[in-house]
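Quick notes on the structure that follows.
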Amino acid sequence: MGGPIWSAPIHDMEWVNSILEDVKSMKDRYPAFGRIFAVLTTISEELPDIPLFLSLHNLCATLKCTSPSAVIFRSAVINAGYRISGSHINPLGLKTDAPMDVIWDIMRCWVKNHPVKAQPPDQAGSVILAKEPILQANFARAVASLSKAQAKKVARYLPNPERHWGPKVRAGRRITSKHVSLLGPEAVNVVNGHEEGAEPPSKRNKIQEGDPSPST
């Protein structure tokens with residue numbers, strides 16, 4: 001990991017909670033209330049003194065194991081005596097004050113209950129799993145494994161408002177099949193049709209309407 005990083009709190013929680021209450025009291029004035037409320041709610045439940053977050057999927061990818069649910073993993077961290085929360089940056093991100101040796105011990109215990117296929121000994125996952133866990137993880141569900149927003153089923157990460165939403169290809173760049181995932185196949189086909197000299201339907205209709213009728 002490169003640096004430097006900002007290790008101090010990145011949010012003023014008093015301000016965040018104040019704005020959250022103001023937004024809720026005037027939600028009719030905010031067309032994007034749902035998205036604003038979701039972001040502020042997620043930030044308000046985030047550990048303010050933890051600068052970085054973990055990806056549970058990345059941990060499991062390293063060990064080549066099935067992933068525990070976020071609730072199970074959160075419970076193991078809480079039962080070990082540490083704090084854990086989500087991250088407003090990534091729906092799969094987890095912030096915790098548990099050191100990495102505790103995190104890997106939890107994952108070692110998980111793999112003992114959910115064995116993985118043998119991997120080459122020089123792989124990172126093999127090296128990690130070769131060590132016996134010092135901490136015996138407790139995966140019993142903890143009361144605090146769900147945040148207040150999760151318990152109330154409050155939306156925290158809203159989907160994009162439409163398909164292929166977001167930044168588009170910069171102006172002047174040639175559109176190719178590589179942009180299907182960004183623009184959608186229909187848009188790519190339309191652009192390519194224009195480049196090949198095909199006239200759009202609206203233009204063809206105008207030409208046909210302007211043509212003189214054939215003489216009889």
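Chain labels A, B, ... are given in the sequence in which chains occur in the structure tokens; within each chain residues are numbered consecutively from 1, and ligands are likewise numbered from 1 in the order shown.
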Spatial neighbours of Ala124 of chain A, 12 Å, only C-alpha atoms, chain gap at least 3 places, as a PyMOL selection string:
chain A and resi 59-64+104+119-121+127-131
Written file, previous selection with C-alpha atoms, as a PDB file, in the first residue's frame:
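Done, and the output landed in part33.pdb:
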ATOM      1  CA  LEU A  59     -10.103 -11.467   1.800  1.00  0.00           C
ATOM      2  CA  CYS A  60     -11.971 -14.508   0.531  1.00  0.00           C
ATOM      3  CA  ALA A  61     -10.427 -14.187  -2.923  1.00  0.00           C
ATOM      4  CA  THR A  62      -6.979 -14.353  -1.319  1.00  0.00           C
ATOM      5  CA  LEU A  63      -7.886 -17.553   0.524  1.00  0.00           C
ATOM      6  CA  LYS A  64      -9.945 -18.971  -2.376  1.00  0.00           C
ATOM      7  CA  TRP A 104      -6.939 -13.401   9.385  1.00  0.00           C
ATOM      8  CA  GLN A 119      -3.467 -24.524  -3.366  1.00  0.00           C
ATOM      9  CA  PRO A 120       0.222 -24.252  -4.328  1.00  0.00           C
ATOM     10  CA  PRO A 121       2.286 -23.653  -1.169  1.00  0.00           C
ATOM     11  CA  VAL A 127       0.887 -19.161   3.526  1.00  0.00           C
ATOM     12  CA  ILE A 128      -1.868 -17.515   5.581  1.00  0.00           C
ATOM     13  CA  LEU A 129      -3.784 -20.747   6.160  1.00  0.00           C
ATOM     14  CA  ALA A 130      -0.610 -22.636   7.111  1.00  0.00           C
ATOM     15  CA  LYS A 131      -0.640 -20.793  10.444  1.00  0.00           C
TER      16      LYS A 131
END
Determine which residues of segment 4-98 of chain A receive a DSSP assignment of alpha helix (DSSP H), computed from the backbone, and state them as a PyMOL selection string.
chain A and resi 13-25+33-44+56-63+70-79
Show me, as a tab-separated table, the residues of segment 61-107 of chain A having an atom within 10 Å of segment 27-51 of chain A, each with the closest atom pair and its distance in Å, using only C-alpha atoms.
residue	atom	partner	partner_atom	distance
A:Arg83	CA	A:Leu47	CA	8.1
A:Ile84	CA	A:Leu47	CA	7.2
A:Ser85	CA	A:Glu46	CA	5.5
A:Gly86	CA	A:Glu46	CA	5.9
A:Ser87	CA	A:Glu46	CA	6.0
A:His88	CA	A:Thr42	CA	5.5
A:Ile89	CA	A:Ile43	CA	9.2
A:Pro91	CA	A:Thr42	CA	9.6
A:Leu94	CA	A:Glu46	CA	9.1
A:Lys95	CA	A:Ile50	CA	6.4
A:Thr96	CA	A:Ile50	CA	6.8
A:Asp97	CA	A:Ile50	CA	6.8
Since we have the selection now, will you write its residues out, keeping C-alpha atoms, as a tab-separated table (two decimals), in the first residue's frame?
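Saved to result-v5.tsv:
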chain	number	residue	atom	x	y	z
A	83	ARG	CA	-15.79	-2.46	16.60
A	84	ILE	CA	-16.94	-2.72	13.01
A	85	SER	CA	-19.08	-0.69	10.63
A	86	GLY	CA	-19.80	-0.25	6.96
A	87	SER	CA	-18.24	2.31	4.65
A	88	HIS	CA	-20.00	4.98	2.60
A	89	ILE	CA	-17.42	4.46	-0.15
A	91	PRO	CA	-21.28	-1.25	-0.10
A	94	LEU	CA	-16.06	-2.83	6.31
A	95	LYS	CA	-14.28	-0.54	8.76
A	96	THR	CA	-12.92	-2.05	11.96
A	97	ASP	CA	-10.36	-1.41	14.67
Could you name the residues that touch Ala76 of chain A at 7 Å or less, counting only C-alpha atoms, but leaving out those on the same chain fewer than 5 positions away, as a ChimeraX atom specification?
/A:106,137-139
For the residues in that selection, give me C-alpha atoms as an mmCIF file, in the first residue's frame.
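Once written, out-v1.cif looks like this:
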data_model
loop_
_atom_site.group_PDB
_atom_site.id
_atom_site.type_symbol
_atom_site.label_atom_id
_atom_site.label_comp_id
_atom_site.auth_asym_id
_atom_site.auth_seq_id
_atom_site.Cartn_x
_atom_site.Cartn_y
_atom_site.Cartn_z
ATOM 1 C CA ILE A 106 -11.291 -15.123 11.929
ATOM 2 C CA ALA A 137 -13.576 -16.977 16.342
ATOM 3 C CA ASN A 138 -17.130 -16.972 17.628
ATOM 4 C CA PHE A 139 -19.558 -16.717 14.720
#
Which one of A:Ala70, A:Pro9, A:Ala140, A:Ile19 sits closest to Leu52 of chain A if you count only C-alpha atoms?
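Using only C-alpha atoms, the shortest distance to Leu52 of chain A belongs to A:Pro9.
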A:Ser75, A:Glu14, A:Asn90, A:Asp101: which is nearest Leu135 of chain A, counting only C-alpha atoms?
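Checking each candidate against Leu135 of chain A, we get A:Asp101 as the closest.
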